[in-house]
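Engineer: Here's a structure for you.
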Amino acid sequence: MGQNINLLRALINCAEKAANIARLCRSNGELLALLVQEKTGAEANQRFEHDFKTLADVLIQETIKHEIGELFPEMREAILGEESPSFTNKLGEKVTIAVGDTEDQTAACLGAVLGDHKAAAGALAAEVHRKVIYDNAQLGDIPELPAELNYSNLGVWIDPIDATAEYISGDTIFTNFPGITSTGLDCVTVLIGVYERDSGIPVMGIVAQPFGNKLEEHVYSTSMYWGVCLSTLQAHNCNFAAREGHERGKIGIFSSSEDSKILQHFLDLKYELAFSAGAGHKALKVISNDASVYMLSKGSTFKWDTCAPQAILRALGGDILDYATSVAEQQGVSIKYLAPDANQMESDWKCNANGLIAVRTLETVKELLPKLKGN
């Protein structure tokens, strides 16, 4: 069935539906407050004192899994996401979020979480089941995928809302660099990455910013970026030149918690330093040519954070590299997406434990690795 449908186009439409759900949840303060839950246990990212799970997160993930699984059944068992589909309502009842065959079934499931907020459950269910076709000149030409593409060898990693804390707070802080915000809705991304299950190589990626274009107060539309990097096809819609009117040197983008010794190495190499929220957003700033490199020395990102932007960067001639291994071997070693072996903990194999280096061109890495070796 999937061979008659363009997987890239299907993923783009899913990303726009995800953005619609994110905007719908964010548009009502009471609903947003009702939806927020704190992550606990294995779901929590240890780097953050407070991490959040929202119904929007879970609903978006399950919607994408449902739609792609229906269109490409051979991929269904390898569509993975950040979030547990379980959600606890105000009565302490654990509910598993599932997309039903009908709008009413999905509304009933959401109603078990939202209780008396039946109108909200209905609105969300309507968005889940609405047919979405994203069409924007920014997309460029969507290529036909190779006829020989083996869909049963493809897996998917989904981050339904990256930078959830920014999504909830919405407070924007700008940096000194045009095009780069430190915090706020601009940092929120939907990430859908496709990888080869046998090689672990990411081959297709969608990065969507649900709040990328502000049309008027509290009204937004999506900025959508995609890339394909197969052995017989490389394509993307990310032809970004340096911003006109701004004479820039080299810019590195980092988490605010990055090691000061690492930052000093970049200063020694005449980089300017920008700090921003969201792994997907920071990688997007490299994709969009607003930053030269995104580096993280800590193991605080996961496969769902990197699969989508890595595929796009590979289509551009760049990559996301395993930081510790690349420094140790003094050559770029790509992050891969292989299934866990028997000795790995359930959470360990999902983590980019060695940190990362994201670059738009591999030439950038040549001067970095020798400098980072002494760290």
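Simple scheme: letters A, B, ... for chains in structure tokens order, numbers from 1 for residues in each chain, numbers from 1 for ligands in the order shown.
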Step one, run DSSP on the backbone; step two, keep only residues of range 133-342 of chain A assigned to strand (DSSP E); then write them as JSON, numbers by chain.
Structural biologist: {"A": [154, 155, 156, 157, 158, 159, 160, 161, 162, 173, 174, 181, 182, 183, 189, 190, 191, 192, 193, 194, 195, 196, 202, 203, 204, 205, 206, 207, 208, 209, 210, 211, 212, 213, 214, 215, 216, 219, 220, 221, 222, 223, 224, 225, 226, 227, 228, 229, 230, 233, 234, 235, 236, 250, 251, 252, 253, 254, 271, 272, 273, 274, 275, 293, 294, 295, 296, 319, 320, 321, 322]}
Engineer: Give me the residues of range 221-322 of chain A that have any atom at most 10 Å from an atom of range 153-161 of chain A; for each, the nearest atom pair and the distance in Å, rounded to one decimal. Use only C-alpha atoms, sort by chain and number, and format it as CSV.
Structural biologist:
residue,atom,partner,partner_atom,distance
A:Gly278,CA,A:Ile161,CA,9.7
A:Gly280,CA,A:Asp159,CA,9.0
A:Phe302,CA,A:Asp159,CA,9.5
A:Lys303,CA,A:Trp157,CA,6.9
A:Trp304,CA,A:Trp157,CA,5.0
A:Asp305,CA,A:Asp159,CA,6.3
A:Thr306,CA,A:Trp157,CA,8.9
A:Cys307,CA,A:Trp157,CA,6.6
A:Ala308,CA,A:Trp157,CA,7.7
Engineer: Could you take the residues named above and write them with N, CA and C atoms, as a short mmCIF file (atom, residue, chain, number, x, y, z; two decimals), in the first residue's frame?
Structural biologist:
data_model
loop_
_atom_site.label_atom_id
_atom_site.label_comp_id
_atom_site.auth_asym_id
_atom_site.auth_seq_id
_atom_site.Cartn_x
_atom_site.Cartn_y
_atom_site.Cartn_z
N GLY A 278 15.87 23.75 23.36
CA GLY A 278 15.37 22.79 22.39
C GLY A 278 16.46 22.22 21.50
N GLY A 280 16.02 20.19 18.97
CA GLY A 280 15.58 20.31 17.58
C GLY A 280 15.77 21.71 17.05
N PHE A 302 18.24 12.47 22.88
CA PHE A 302 17.80 11.11 22.59
C PHE A 302 17.60 10.95 21.09
N LYS A 303 17.37 9.71 20.67
CA LYS A 303 17.23 9.40 19.24
C LYS A 303 16.12 10.22 18.61
N TRP A 304 15.04 10.45 19.34
CA TRP A 304 13.94 11.23 18.78
C TRP A 304 14.31 12.70 18.59
N ASP A 305 15.32 13.18 19.31
CA ASP A 305 15.76 14.57 19.16
C ASP A 305 16.59 14.78 17.89
N THR A 306 17.31 13.76 17.48
CA THR A 306 18.35 13.95 16.45
C THR A 306 18.05 13.31 15.11
N CYS A 307 17.18 12.30 15.05
CA CYS A 307 17.00 11.55 13.80
C CYS A 307 16.55 12.45 12.66
N ALA A 308 15.52 13.28 12.90
CA ALA A 308 15.00 14.14 11.84
C ALA A 308 16.01 15.19 11.37
#
Engineer: DSSP on the backbone: what in range 57-219 of chain A comes out helix (DSSP H, G or I), as an MDAnalysis selection string?
Structural biologist: chainID A and resid 57:71 73:78 103:114 118:129 137:139 151:153 164:169 185:187
Engineer: Please determine, counting only C-alpha atoms, which residue among A:Ile133, A:Met204, A:Leu372, A:Leu24 has the shortest atom-to-atom distance to Asp268 in chain A.
Structural biologist: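 The closest residue to Asp268 in chain A is A:Leu372.
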Engineer: Which residues of range 165-260 of chain A sit at most 9 Å from range 144-148 of chain A, using only C-alpha atoms? Give each one's shortest atom pair and distance in Å (one decimal place), in chain and ascending residue order, as a Markdown table.
Structural biologist:
| residue | atom | partner | partner_atom | distance |
| --- | --- | --- | --- | --- |
| A:Leu230 | CA | A:Pro146 | CA | 8.8 |
| A:Thr232 | CA | A:Pro146 | CA | 7.5 |
| A:Leu233 | CA | A:Pro146 | CA | 7.6 |
